[in-house]
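Asker: Handing you a structure now.
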Amino acid sequence: MKRILAVAIVSLAASTSAFAQSATATATASVTFVSPLSITKTADLNFGSIIAGPAGGGITIDPDGGQYPNSVVVLPGGYSNAQFAVSGVPNSSYSIVLPVSAIVSNGDSAYDLVAVDFTSLPSGTGTLSADGTQTLGVGATMHITHAQVPGNYSGTFDVTVMY
């Protein structure tokens, strides 16, 4: 009886291994390196030459270059939107991050101005052309007090683009 049981166990073990199955598949690992997104300033944001009104006022430069004074006198010419050359992978979309504000100063903080309400063209996102480039225009608004002293005012701001 023991011999029959031993033969049955060996037969069962042999038949179990006969039913075992395995399969193998091969995958490929790959990576593609693309051109990094870049941005280069080609023109500065210039609000122009302004004479403040008795109650102050403001001026807006649109991202397409339009100038809109509000209760200030603006001398002709000399204003421009900021412009940037964006380049990267052709036909790719990218996001645009604009500053909330920027200080514009004549060196005396008592007379600092603040540029606000930055806008861009394209707005929010852009799409690179078939050659991987696009021009990005940026504008903003500046509020001016009646007590602004004459002089040259300047400041910097950052524009960020990302895939």
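By convention here, the chains of the structure tokens are called A, B, ... in the order presented, each chain's residues are numbered starting at 1, and ligands are numbered starting at 1 in the order presented.
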Got a sec: who's within 12 Å of Gly107 (chain A), counting only C-alpha atoms, leaving out chain neighbours fewer than 2 positions off, as a PyMOL selection string?
Answerer: chain A and resi 103-105+109-113+149+151-155
Asker: Report as JSON lines: every residue of region 75-146 of chain A with an atom at most 8 Å from region 39-48 of chain A, its closest pair of atoms, and their distance in Å to one decimal, counting only C-alpha atoms, with rows sorted by chain and ascending residue number.
Answerer:
```
{"residue": "A:Leu75", "atom": "CA", "partner": "A:Gly48", "partner_atom": "CA", "distance": 7.3}
{"residue": "A:Gly77", "atom": "CA", "partner": "A:Gly48", "partner_atom": "CA", "distance": 6.9}
{"residue": "A:Gly78", "atom": "CA", "partner": "A:Gly48", "partner_atom": "CA", "distance": 4.9}
{"residue": "A:Tyr79", "atom": "CA", "partner": "A:Gly48", "partner_atom": "CA", "distance": 4.2}
{"residue": "A:Ser80", "atom": "CA", "partner": "A:Asn46", "partner_atom": "CA", "distance": 5.0}
{"residue": "A:Asn81", "atom": "CA", "partner": "A:Leu45", "partner_atom": "CA", "distance": 4.7}
{"residue": "A:Ala82", "atom": "CA", "partner": "A:Leu45", "partner_atom": "CA", "distance": 4.1}
{"residue": "A:Gln83", "atom": "CA", "partner": "A:Ala43", "partner_atom": "CA", "distance": 4.9}
{"residue": "A:Phe84", "atom": "CA", "partner": "A:Lys41", "partner_atom": "CA", "distance": 4.3}
{"residue": "A:Ala85", "atom": "CA", "partner": "A:Thr40", "partner_atom": "CA", "distance": 5.2}
{"residue": "A:Val86", "atom": "CA", "partner": "A:Ile39", "partner_atom": "CA", "distance": 4.5}
{"residue": "A:Ser87", "atom": "CA", "partner": "A:Ile39", "partner_atom": "CA", "distance": 6.6}
{"residue": "A:Val138", "atom": "CA", "partner": "A:Leu45", "partner_atom": "CA", "distance": 7.5}
{"residue": "A:Gly139", "atom": "CA", "partner": "A:Leu45", "partner_atom": "CA", "distance": 6.9}
```
Asker: Between A:His143, A:Pro99, A:Ala27, A:Ser38, which is the closest to Gly58 (chain A) once you count only C-alpha atoms?
Answerer: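 Counting only C-alpha atoms, the residue closest to Gly58 (chain A) is A:His143.
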Asker: Going by DSSP on the backbone, which residues of chain A come out as helix (DSSP H, G or I)? List them as a tab-separated table (two decimals) with C-alpha atoms, in the first residue's frame.
Answerer:
```tsv
chain	number	residue	atom	x	y	z
A	2	LYS	CA	2.83	2.33	0.80
A	3	ARG	CA	4.33	1.56	-2.55
A	4	ILE	CA	1.10	2.46	-4.38
A	5	LEU	CA	0.83	5.70	-2.42
A	6	ALA	CA	4.46	6.63	-3.25
A	7	VAL	CA	3.89	5.92	-6.96
A	8	ALA	CA	0.72	8.04	-6.89
A	9	ILE	CA	2.57	10.98	-5.27
A	10	VAL	CA	5.42	10.76	-7.82
A	11	SER	CA	2.89	10.55	-10.67
A	12	LEU	CA	1.00	13.56	-9.32
A	13	ALA	CA	4.21	15.57	-8.99
A	14	ALA	CA	5.23	14.68	-12.55
A	15	SER	CA	1.80	15.54	-13.94
A	16	THR	CA	1.74	18.93	-12.08
A	17	SER	CA	5.00	20.00	-13.70
A	18	ALA	CA	3.63	18.97	-17.06
A	19	PHE	CA	0.84	21.54	-16.62
A	109	SER	CA	11.74	104.95	-3.07
A	110	ALA	CA	9.40	107.79	-2.04
A	111	TYR	CA	8.45	108.09	-5.72
```
Asker: Go through A:Pro150, A:Gly126, A:Pro54, A:Gly66 and flag the residue nearest Asn91 (chain A), using only C-alpha atoms for the distances.
Answerer: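 Using only C-alpha atoms, the shortest distance to Asn91 (chain A) belongs to A:Gly126.
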Asker: Compile the contact shell of Val159 (chain A) as a PyMOL selection string: residues with an atom at most 8 Å away, counting only C-alpha atoms, same-chain residues fewer than 5 positions apart removed.
Answerer: chain A and resi 96-99
